[in-house]
Number of protein chains: 2
Amino acid sequence: MKRCFFSLYNDVHFSGSYFRNCFVYSGLFLVLFVFVLKAEAQNKSNFVDFVNPFIGTQRMGHTFPGATVPFGMVQLSPDTDSVSYEKAGAYNPDVYAYCAGYQYDDPTIVGFSHTHFSGTGHSDLGDILIMPVSGQLKLNPGTADNPESGYRSRFSHEEETAVPNYYQVKLQDYNINAELTTSTRVGFHRYSFEDSLQNYLVLDLIHGIYNYDDKNVWTFVRFENDTLITGFRQTSGWARTRTVYFAIVLSSPLVNYGHEKYDSSIYRGFYRKFDETLNFPEIAGRKIRMWLQPDLSDNKELLVKVGLSSVSAKAALNNIQIEVPHWDFDRVVREGQQRWDDELSKIQVETMSEDDQVVFYTALYHSFLSPITYMDVDGRYRGLDQEIHHAEGFTNYTIFSLWDTYRALHPLFNLVQADRSHDMAESMLAHFDQSVHPMLPVWSHYANENWCMIGYHSVSVLVDAIAKGTFKGDIQRALNAAVQTARYPLYDGLKYYMQLGFVPEDKSGNAVSKTLEYAYDDWCIAQIAFYAGDTNLKMDFESRALNYQHQFNPESGFMQARLSDGSFKWPFDPYDTHGQGFIEGNAWNYGFYVPHQIPEMIALMGGKSVVEAKLDSLFSLELSDEHIAKNEDITRDGIMGMYVHGNEPGHHIPYLFNYTDSPDKTQQKVRMIMENMYANAPDGLCGNDDCGQMSAWYIFSALGFYPVCPGSDEYVIGSPSVKSATIKLGNGKTLKILTKNQAKKHYYLKEVRLNGLTVQDFKLSHKTLMQGGILEFEMQEFPVN
Amino acid sequence: MKRCFFSLYNDVHFSGSYFRNCFVYSGLFLVLFVFVLKAEAQNKSNFVDFVNPFIGTQRMGHTFPGATVPFGMVQLSPDTDSVSYEKAGAYNPDVYAYCAGYQYDDPTIVGFSHTHFSGTGHSDLGDILIMPVSGQLKLNPGTADNPESGYRSRFSHEEETAVPNYYQVKLQDYNINAELTTSTRVGFHRYSFEDSLQNYLVLDLIHGIYNYDDKNVWTFVRFENDTLITGFRQTSGWARTRTVYFAIVLSSPLVNYGHEKYDSSIYRGFYRKFDETLNFPEIAGRKIRMWLQPDLSDNKELLVKVGLSSVSAKAALNNIQIEVPHWDFDRVVREGQQRWDDELSKIQVETMSEDDQVVFYTALYHSFLSPITYMDVDGRYRGLDQEIHHAEGFTNYTIFSLWDTYRALHPLFNLVQADRSHDMAESMLAHFDQSVHPMLPVWSHYANENWCMIGYHSVSVLVDAIAKGTFKGDIQRALNAAVQTARYPLYDGLKYYMQLGFVPEDKSGNAVSKTLEYAYDDWCIAQIAFYAGDTNLKMDFESRALNYQHQFNPESGFMQARLSDGSFKWPFDPYDTHGQGFIEGNAWNYGFYVPHQIPEMIALMGGKSVVEAKLDSLFSLELSDEHIAKNEDITRDGIMGMYVHGNEPGHHIPYLFNYTDSPDKTQQKVRMIMENMYANAPDGLCGNDDCGQMSAWYIFSALGFYPVCPGSDEYVIGSPSVKSATIKLGNGKTLKILTKNQAKKHYYLKEVRLNGLTVQDFKLSHKTLMQGGILEFEMQEFPVN
């Protein structure tokens, strides 16, 4: 167990204005250490105290510990390394590990950048890295092995704090205390230097996440005056054409500044006229690192505000002027934490342990990081067509990791974030309007489509919002967008799917996964057509929704790849995750993907007992090490037999026993998964959090129910891990969840009652829950049957 | 003599709707061949018939023969080669020759691009090259020696036509007739293919002028539908950060299209999902060449409209929709020619020969090509700060080659383009507002400052417009911009100039040229202060305006470089154009640069007779071949003794004899220069036209007077070459110029009368001329004295 350390700076800056936590993970012990300085009543913050932003920062969680407000555009966080892609190779773990910029085991911090994905398995971003330094100026980052070779600094978790919207670390090599907070569009830095001598900020405009030599497309910087720097940074990474505009405002004027260019510039007009490298206010090039020397003669503390925008540098400055027109760092911390408290208090839980409470609220925190707000304070944003758009009547969002998040994250939003859910649907429809194909988003971020993963699951998000009443927009418009998307023949085997009723593996890889997901998505479109009153389209897409049947091979008993001549593909290895028509899975754990017609799937597969036996095998047969090695994103910790919780295609599988005669097995599995695969620890996520999908799975499961088929209004009951919960439904009503006889090993349900009436069939409708009341789970140690 | 050839296509397309000329230069003969098909009364075009756009396209004129309207944003012209910078070196003639994209002696055409400088000595632009081809598709341009190796085609001047706003050429390798015309912001192409088979457009988005490997920063293309392509092209050339947005509309739908990328792209998301190369509508990368296959089954003619914008692709499309909402190519030709006729008819001249008439109107045409309109139809444009601005109450212009054009081009605008002159002044002030330094433009194009050449001659342009009453804006604002510019210490030796009263050669090269020009510019600022009523600033800058005196060395008798210790720099070679403190000149031909205090300069140099003798020497002493070789931009044809007409610093020198006792020598020199250094021939310009400065010199000189000191309201009389002229002064009045006894060798003035009164001292005031009336020159064969 380690001491929770607060530096002198903390004592100075944090004049008892709020609670804070310090999470330290040490060896096998996990300690929640609440360090209460003093609470002033008006700033009392309850729920942020239960968030540990370090969860998922070790190994494969790919979360970041830095500061952000809920769904904030700026997510300001330390980056512990910047492994260049070309050196490390595309999916080399050395690059893959840095999807969120931070790895808990790293000994050094490179600096603080303003944009991060939370939990993704591919990456980008890491814009506008700032690093405060003292002494001899170095403009290269150096290496973790030899930090003195560059501007990076050693740090220790003992001198590091992370709570919602506040991050602090002592940079040991410079004895600088660094603190970060944010508003939606502004990153706010507070750097406390040891003395007034030789202090600089390094502004590294080459740095990025998933960086490689060609990523920096263009950089443009202007020193507008001695406290204001503006510009833009244009990259081509996962987002192919992406421009981030920025404005940087300093609390102390610059006495000197300069830069180095790491690329050639042929026309030398500037060089003939000016010494561009020192105090020249106009810089442009591909690869630029800069240094700023503020006048700290009267003040060893430097405050830096960084506003971002997708529209222009002027708009980025306007974002600062509107959101943070003052220099009160602590106020920005407080206001952001108040917003977190408002969001987190929407689900108030009593848990069986303090750790469970931290796991729960951190999962809720991680669920509320993305999609991010993607527009300026005036509603403008750069769209997919690179034009400036104005979000009329909605907040525009980006970072849609839809293959992951349609499963539980968006349904969670439909439960407790109704307005945002509507706005996200509108954002997706705006994306469609801007798309040249045109298609709804597949995996989109910063007005770019990166086409990651498969399916067109926007339609699931749309129909879930329609079915649950959070989407208040034009259903006909949503239907049109969904239908055009589903009929776009250039997309990923769709042409063959429309011709043959399945995707042939010889024409388009991962074909079984695609057919199964397209079939579900088509059911979603049929549902949208139902809500829009379009019978013809409903029938058309209901027919397409049956296409999963074409992948089932009675001979093998599995969903199995087919070729374009109609034959099944042999040899067939249901354990293999490669070459068998599946992506991030195999026939065992991907083959149950028919969420919209589970009874029909069970019948197809031979009936309940056959499927139950198969599910039993799935959870017990051990994958070989060879098969594990070939599976992305998972570790031995994250699997149960062949069930891989780190990958999303199985997230509904633990709930499938409800459709057999053994719902108790669902109850046991979901509790086991919650117990074993989530923890209050830096490695407390067993795989990528995937923009909150892993966390949203936990939230639902901990509350006792799960949206097995998003787009239907049905939840399937599992086994709650909380002792009680109060969910503010946003419609003025409250759903209270109570457990009776809850205990660590009491996985099993004796009875479930909603407002006093026994719930049959382990199903709950969203509509009924939204009327509020009391949902009671009576727990027991052994199954009923 | 060669036959003037019109192809069948011309006969088809040009159904007698207007006059046209065909200029053919053959060996030593120069023939003006007016080919009148038939004139319809309402389209009668007089003055365009006297323009030969080929003048200056051979050797060093650096003009282009393509289509444009007056001051048009789109200047659509054939590029005959695309020599890459890194292969050829920075100032290698092979690159330098292609400043305007076209060299008359070249045997092949690479394609047609939409932006060109006219007459510059450095370059950029050449955006959005389109080349129609037939047969086997090739995406590389090939070489002039081996055109079959690429998409370029052979052509012949016999099958080529260039008149204002219309260019035509037969592409021999494909038997395609290509025709070009424009509106202000739209390029309009008409391609007539031989048959319907295998016809393509190559859209080369790598191509550019002064191209080099790193110039293409980013390219973004969308196929919005089968007749609309949008996107942008971002380059870093002479303009460091430049983005051109485009929209391309086709008259026939595409059946297929594709592209090749010539750069790497690390993230392969797109490639996994799509065959990006064929019919995939979303393309981005650094280096892209595309091909388009239109459906020409019913029509062998393809029309293409290309709109440009600095704001967005949508704005580029809007420019097309507002300016050319139809497909009537001939109408666009006619409308543009009508605009040319309106502009050219502002000065109606009777000349001594047909060639003189062509030289005159081509000079006027070249004077009205730049600065170009730089805003969309809605008034928006991208500014120096990369923000979108709206031109409130003025037309925004760009391409300010000010070191060249303040001398005669802007004064010419103040004579016959009053409204544009005001708008150009407003454009320069907007540039100042957007400048981070802040400075008025030095050499600016496309919202970039390329810092080419020396001085801050914007102040001359401003004060000339103020003095002559064309600037209707805020004089105080102009004064503030001028003063801040002149006090910006980072700029080009200005810090030393302000400290020492001269630029020391050991601190900043070309120091004498800088001191002399700063001193003149400071006089301009003093004049602005006078008009603004600011006595203190007037005195301050009047004092700075004397700084030229510090460069004169009585010991050498020349303006001579000084060092920062105050001593003159020795050894001193007044013939040397390098290392002596001059740029594009030497002490002989740059040393007379004191336009604002010529009598004082003469006194300083020892009086009239000394200066006259020096001027005599200047025009008679021959530069050695070695000195010529070191001098940029000139050829033996373009010099008289040491007077180098191809470079601007001497443009006022022929008029300096007026300040001695031998004004007849001015009369003789200017006529000799007009006779020998301008011709109706492709090589009819003896040096770079420099955005119209060389041409504007000709216009003034041909009319008989010249603005030796822009910013004063005084013209100095030379010797008119016209027989008569009628100048529409824009204020409803007309100035009629008549010559009596005019003849080829009658250089000398017997008398000059303005409205019957004899003009003394060979000076005319602008104010008097603007009252209109009759200016009579009585010519004679021999000088008076």
# chains A, B, ... in the order shown; residues from 1 in each chain; ligands from 1
>>> residues_around(residues="A:Ser82", least_positions_apart="5", cutoff="8 Å", atoms="only C-alpha atoms", output="number ranges by chain")
A: 98, 101, 110, 207-211
>>> residues_around(residues="B:Gln337", least_positions_apart="2", cutoff="7 Å", atoms="only C-alpha atoms", output="count of residues only")
9
>>> interface_residues(of="chain A", to="chain B", cutoff="7 Å", atoms="only C-alpha atoms", output="list in words")
Val217, Arg222, Glu224, Gly237, Trp238, Tyr267, Gly269, Phe270, Lys273, Phe274, Pro281, Ser312, Glu387, Val436, His437, Asn450, Trp451, Cys452, Leu490, Tyr491 and Asp492 of chain A
>>> select_by_dssp(residues="stretch 127-309 of chain A", states="strand (DSSP E)", output="PyMOL selection string")
chain A and resi 129-134+153-154+160-163+166-171+176-182+186-192+199-204+216-225+228-235+242-250+254-261+282-285+288-294+301-309
>>> residues_around(residues="stretch 543-559 of chain B", least_positions_apart="2", cutoff="10 Å", atoms="only C-alpha atoms", output="JSON, numbers by chain")
{"B": [497, 498, 500, 501, 502, 503, 504, 511, 512, 513, 514, 515, 516, 517, 518, 519, 520, 521, 522, 523, 524, 525, 526, 537, 538, 539, 540, 541, 561, 562, 566, 567, 568, 572, 573, 574, 580, 581, 582, 586, 587, 588, 590, 591, 592, 593, 594, 596, 597, 600, 601, 604, 605, 606, 610, 614]}
>>> closest_residue(among="A:Met73, A:Ala696, A:Leu415, A:Ala144", to="A:Pro371", atoms="only C-alpha atoms")
A:Met73
>>> residues_around(residues="A:Val358", least_positions_apart="4", cutoff="7 Å", atoms="only C-alpha atoms", output="number ranges by chain")
A: 50-52, 354, 362, 680
>>> closest_residue(among="A:Ile602, A:Ile288, A:Ala465, A:Ala430", to="A:Ala418", atoms="only C-alpha atoms")
A:Ala465
>>> residues_around(residues="A:Ala529", least_positions_apart="6", cutoff="12 Å", atoms="only C-alpha atoms", output="ChimeraX atom specification")
/A:459,462-463,466-467,475-483,522-523,535-542
>>> write_last_selection(atoms="N, CA and C atoms", output="mmCIF file, in the first residue's frame")
data_model
loop_
_atom_site.group_PDB
_atom_site.id
_atom_site.type_symbol
_atom_site.label_atom_id
_atom_site.label_comp_id
_atom_site.auth_asym_id
_atom_site.auth_seq_id
_atom_site.Cartn_x
_atom_site.Cartn_y
_atom_site.Cartn_z
ATOM 1 N N VAL A 459 -28.167 2.360 -38.001
ATOM 2 C CA VAL A 459 -29.613 2.100 -38.094
ATOM 3 C C VAL A 459 -30.140 1.535 -36.782
ATOM 4 N N LEU A 462 -30.443 4.494 -34.488
ATOM 5 C CA LEU A 462 -31.628 5.279 -34.848
ATOM 6 C C LEU A 462 -32.907 4.611 -34.359
ATOM 7 N N VAL A 463 -33.036 3.306 -34.623
ATOM 8 C CA VAL A 463 -34.315 2.673 -34.280
ATOM 9 C C VAL A 463 -34.449 2.521 -32.771
ATOM 10 N N ILE A 466 -35.757 5.734 -31.740
ATOM 11 C CA ILE A 466 -37.160 5.888 -32.170
ATOM 12 C C ILE A 466 -38.066 5.039 -31.285
ATOM 13 N N ALA A 467 -37.662 3.779 -31.100
ATOM 14 C CA ALA A 467 -38.491 2.850 -30.336
ATOM 15 C C ALA A 467 -38.660 3.327 -28.894
ATOM 16 N N ILE A 475 -38.787 10.816 -38.702
ATOM 17 C CA ILE A 475 -38.562 9.369 -38.857
ATOM 18 C C ILE A 475 -38.431 8.997 -40.331
ATOM 19 N N GLN A 476 -39.174 9.701 -41.174
ATOM 20 C CA GLN A 476 -39.073 9.427 -42.616
ATOM 21 C C GLN A 476 -37.659 9.712 -43.118
ATOM 22 N N ARG A 477 -37.076 10.779 -42.591
ATOM 23 C CA ARG A 477 -35.699 11.127 -42.967
ATOM 24 C C ARG A 477 -34.738 10.034 -42.485
ATOM 25 N N ALA A 478 -34.973 9.550 -41.275
ATOM 26 C CA ALA A 478 -34.134 8.478 -40.743
ATOM 27 C C ALA A 478 -34.279 7.219 -41.597
ATOM 28 N N LEU A 479 -35.509 6.924 -42.010
ATOM 29 C CA LEU A 479 -35.748 5.738 -42.834
ATOM 30 C C LEU A 479 -35.023 5.863 -44.167
ATOM 31 N N ASN A 480 -35.145 7.010 -44.775
ATOM 32 C CA ASN A 480 -34.492 7.231 -46.060
ATOM 33 C C ASN A 480 -32.975 7.038 -45.944
ATOM 34 N N ALA A 481 -32.399 7.609 -44.888
ATOM 35 C CA ALA A 481 -30.954 7.481 -44.694
ATOM 36 C C ALA A 481 -30.579 6.022 -44.466
ATOM 37 N N ALA A 482 -31.373 5.318 -43.684
ATOM 38 C CA ALA A 482 -31.086 3.914 -43.375
ATOM 39 C C ALA A 482 -31.170 3.058 -44.643
ATOM 40 N N VAL A 483 -32.202 3.295 -45.435
ATOM 41 C CA VAL A 483 -32.412 2.475 -46.637
ATOM 42 C C VAL A 483 -31.301 2.736 -47.656
ATOM 43 N N ASP A 522 -30.816 -4.973 -40.890
ATOM 44 C CA ASP A 522 -31.992 -4.902 -41.765
ATOM 45 C C ASP A 522 -33.283 -5.008 -40.963
ATOM 46 N N TRP A 523 -33.226 -5.822 -39.925
ATOM 47 C CA TRP A 523 -34.394 -5.862 -39.034
ATOM 48 C C TRP A 523 -34.631 -4.474 -38.409
ATOM 49 N N THR A 535 -45.057 0.279 -45.240
ATOM 50 C CA THR A 535 -45.231 -1.176 -45.230
ATOM 51 C C THR A 535 -44.320 -1.877 -46.226
ATOM 52 N N ASN A 536 -44.172 -1.281 -47.376
ATOM 53 C CA ASN A 536 -43.346 -1.936 -48.397
ATOM 54 C C ASN A 536 -41.898 -2.082 -47.939
ATOM 55 N N LEU A 537 -41.346 -0.984 -47.437
ATOM 56 C CA LEU A 537 -39.962 -1.074 -46.972
ATOM 57 C C LEU A 537 -39.864 -2.006 -45.765
ATOM 58 N N LYS A 538 -40.864 -1.983 -44.931
ATOM 59 C CA LYS A 538 -40.861 -2.884 -43.770
ATOM 60 C C LYS A 538 -40.777 -4.336 -44.246
ATOM 61 N N MET A 539 -41.584 -4.698 -45.208
ATOM 62 C CA MET A 539 -41.575 -6.081 -45.704
ATOM 63 C C MET A 539 -40.241 -6.408 -46.375
ATOM 64 N N ASP A 540 -39.761 -5.445 -47.139
ATOM 65 C CA ASP A 540 -38.499 -5.655 -47.854
ATOM 66 C C ASP A 540 -37.378 -5.969 -46.859
ATOM 67 N N PHE A 541 -37.286 -5.150 -45.828
ATOM 68 C CA PHE A 541 -36.172 -5.330 -44.901
ATOM 69 C C PHE A 541 -36.448 -6.455 -43.901
ATOM 70 N N GLU A 542 -37.685 -6.777 -43.643
ATOM 71 C CA GLU A 542 -37.966 -7.975 -42.845
ATOM 72 C C GLU A 542 -37.465 -9.216 -43.581
#
>>> select_by_dssp(residues="stretch 462-570 of chain A", states="alpha helix (DSSP H)", output="ChimeraX atom specification")
/A:462-467,475-486,494-500,511-532,535-544
>>> closest_residue(among="A:Ala363, A:Met672, A:Val349, A:Val442", to="A:Ser724", atoms="only C-alpha atoms")
A:Val349
